[in-house]
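Following: one structure in structure tokens, then a few remarks.
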Amino acid sequence: MTAVLHNLSQLPEALAEAGLDVERHRDLIARVRAHVAKYTEMEKELVGEVSLSFPAYLLETRLPEDPIAAGERLAELERERLGLGETEAGDLMSLLDRQGFKIYRPAFPEDSPVEGVFAFDAAAGPVFLVNGSLAGAESGFTLARLYGHFLVDNSPYRIRVVVSGEAGADPVDLRARSFGAAFLVPKRGLDRYLAAAGIGSGHPIDAGAVYQLAVYFEVGYRAVLTRLLALEYIDAESIEPLLGELEECFEPPTVPHRPGAVPERFVRLALEANARGTFNLDTLARLLETDPAAARELADAFTLEPDAQHSRDREPGDADPRGEAGAPFETEH
């Protein structure tokens, strides 16, 4: 029996299994493993054991058999749990970061077809890797798809690789893609916007309408087109012409939150470790993937709370003051 690939140490095998050039990604793999190992080390030293949230509805709801419908239903439930309403989801990287997930956006090798990777590492827990070369508006769709894998594709967890342009018929991938688009572009919000703008009521949706929707929901074109296709506002044959016109006639949509390589939670942990004398400014700059001057500015602005205690002074499982955890049921790593 072939072992299930789920740890970051097995990332080379997972990439090879996906038909990708492992040697081309060798430096990236080493960089990812070093970053996540340091993240986990700081987390354990400064926080202790970390509890991760698993929504209660996952135990209470039977998803539809159809992968598209299952992704749609899962997105409805998760948006409701998070109180997102009918409009844009906002910065998904920050949203997941606040829940204690490890997210990293390094620059992948030039022209790498890999957009993102999800792994549930035995030591680090859930890890989301997104290609830092993706535009902010597009990277959210990749991260949302990876998050969909985390939520339901757990029998067992395995490394998931999102490859650019890949739109196969695998039910698991279809469900994750459907979830990602529906999470970022909710049906009621989409219908309401189109009705208010007088778009889609008996008239073909053109590139201008797709651009407007991308700006409104703060997402890239792929998420919008995937959503419109699922809701039968457009057909599959119209996607390529629309993409071509969008790329030729419109500037790529921008988002107000430009994600960096490392999320806020990692930054706070690194700043606290630096303030405690764990490492120097040069190491801090390297960890934050910035220059020494910027690292010094951040360090000077960071102050340890007077009553802040080292993790050895707290009981395991105590709430992390740097994140938002707590859930209907939890796991520790």
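Following the order of the structure tokens, chains are lettered A, B, ..., residues in each are numbered from 1, and ligands are numbered from 1.
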
What's the 7 Å shell around Val219 in chain A, counting only C-alpha atoms, without same-chain residues fewer than 3 positions away, as a list in words?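 The filter keeps Ala137, Glu138, Gly140, Ala214, Val215 and Ala223 of chain A.
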
Considering only C-alpha atoms, return as a list in words whatever protein or nucleic-acid residues lie within 7 Å of range 66-72 of chain A, sequence-local ones (same chain, fewer than 5 positions apart) excluded. Pro171, Leu174, Arg175, Ala176, Ser178, Phe179 and Ala182 of chain A

To test your reading of the structure, identify every residue in range 53-267 of chain A that backbone DSSP assigns to strand (DSSP E or B), and report it as a PDB file with C-alpha atoms, in the first residue's frame.
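Written output follows (states11.pdb):
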```pdb
ATOM      1  CA  SER A  53     -10.951  25.251  14.819  1.00  0.00           C
ATOM      2  CA  PHE A  54     -13.103  22.753  12.955  1.00  0.00           C
ATOM      3  CA  LYS A 102       0.151  28.789   8.773  1.00  0.00           C
ATOM      4  CA  ILE A 103       0.170  30.658   5.457  1.00  0.00           C
ATOM      5  CA  TYR A 104       3.211  31.489   3.372  1.00  0.00           C
ATOM      6  CA  VAL A 114       2.195  25.626  -9.352  1.00  0.00           C
ATOM      7  CA  GLU A 115      -0.174  28.186  -7.853  1.00  0.00           C
ATOM      8  CA  GLY A 116      -0.486  26.730  -4.378  1.00  0.00           C
ATOM      9  CA  VAL A 117      -0.067  23.753  -2.077  1.00  0.00           C
ATOM     10  CA  PHE A 118      -1.919  22.509   0.992  1.00  0.00           C
ATOM     11  CA  ALA A 119      -0.356  20.083   3.466  1.00  0.00           C
ATOM     12  CA  PHE A 120      -1.372  18.896   6.918  1.00  0.00           C
ATOM     13  CA  ASP A 121       2.075  18.410   8.381  1.00  0.00           C
ATOM     14  CA  GLY A 125      -0.395  21.368  11.336  1.00  0.00           C
ATOM     15  CA  PRO A 126      -2.245  22.815   8.317  1.00  0.00           C
ATOM     16  CA  VAL A 127       0.053  24.739   5.961  1.00  0.00           C
ATOM     17  CA  PHE A 128      -1.150  26.827   3.002  1.00  0.00           C
ATOM     18  CA  LEU A 129       1.425  27.815   0.384  1.00  0.00           C
ATOM     19  CA  VAL A 130       0.477  30.324  -2.307  1.00  0.00           C
ATOM     20  CA  ARG A 160      -2.962  19.020  -2.585  1.00  0.00           C
ATOM     21  CA  VAL A 161      -1.300  20.881  -5.436  1.00  0.00           C
ATOM     22  CA  VAL A 162      -3.107  23.564  -7.451  1.00  0.00           C
ATOM     23  CA  VAL A 163      -1.664  23.880 -10.952  1.00  0.00           C
TER      24      VAL A 163
END
```

Nearest residue to Gly189 in chain A out of A:Leu231, A:Leu134, A:Thr87, A:Asp111, using only C-alpha atoms?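 That would be A:Thr87, the residue with the smallest distance to Gly189 in chain A.
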
Based on the backbone DSSP call, show me all residues of range 179-234 of chain A assigned alpha helix (DSSP H), as a PyMOL selection string. chain A and resi 179-184+187-197+207-217+221-230

Just how far from CA of Asn131 in chain A is CA of Leu298 in chain A, in Å to one decimal?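 So the answer is 25.0 Å.
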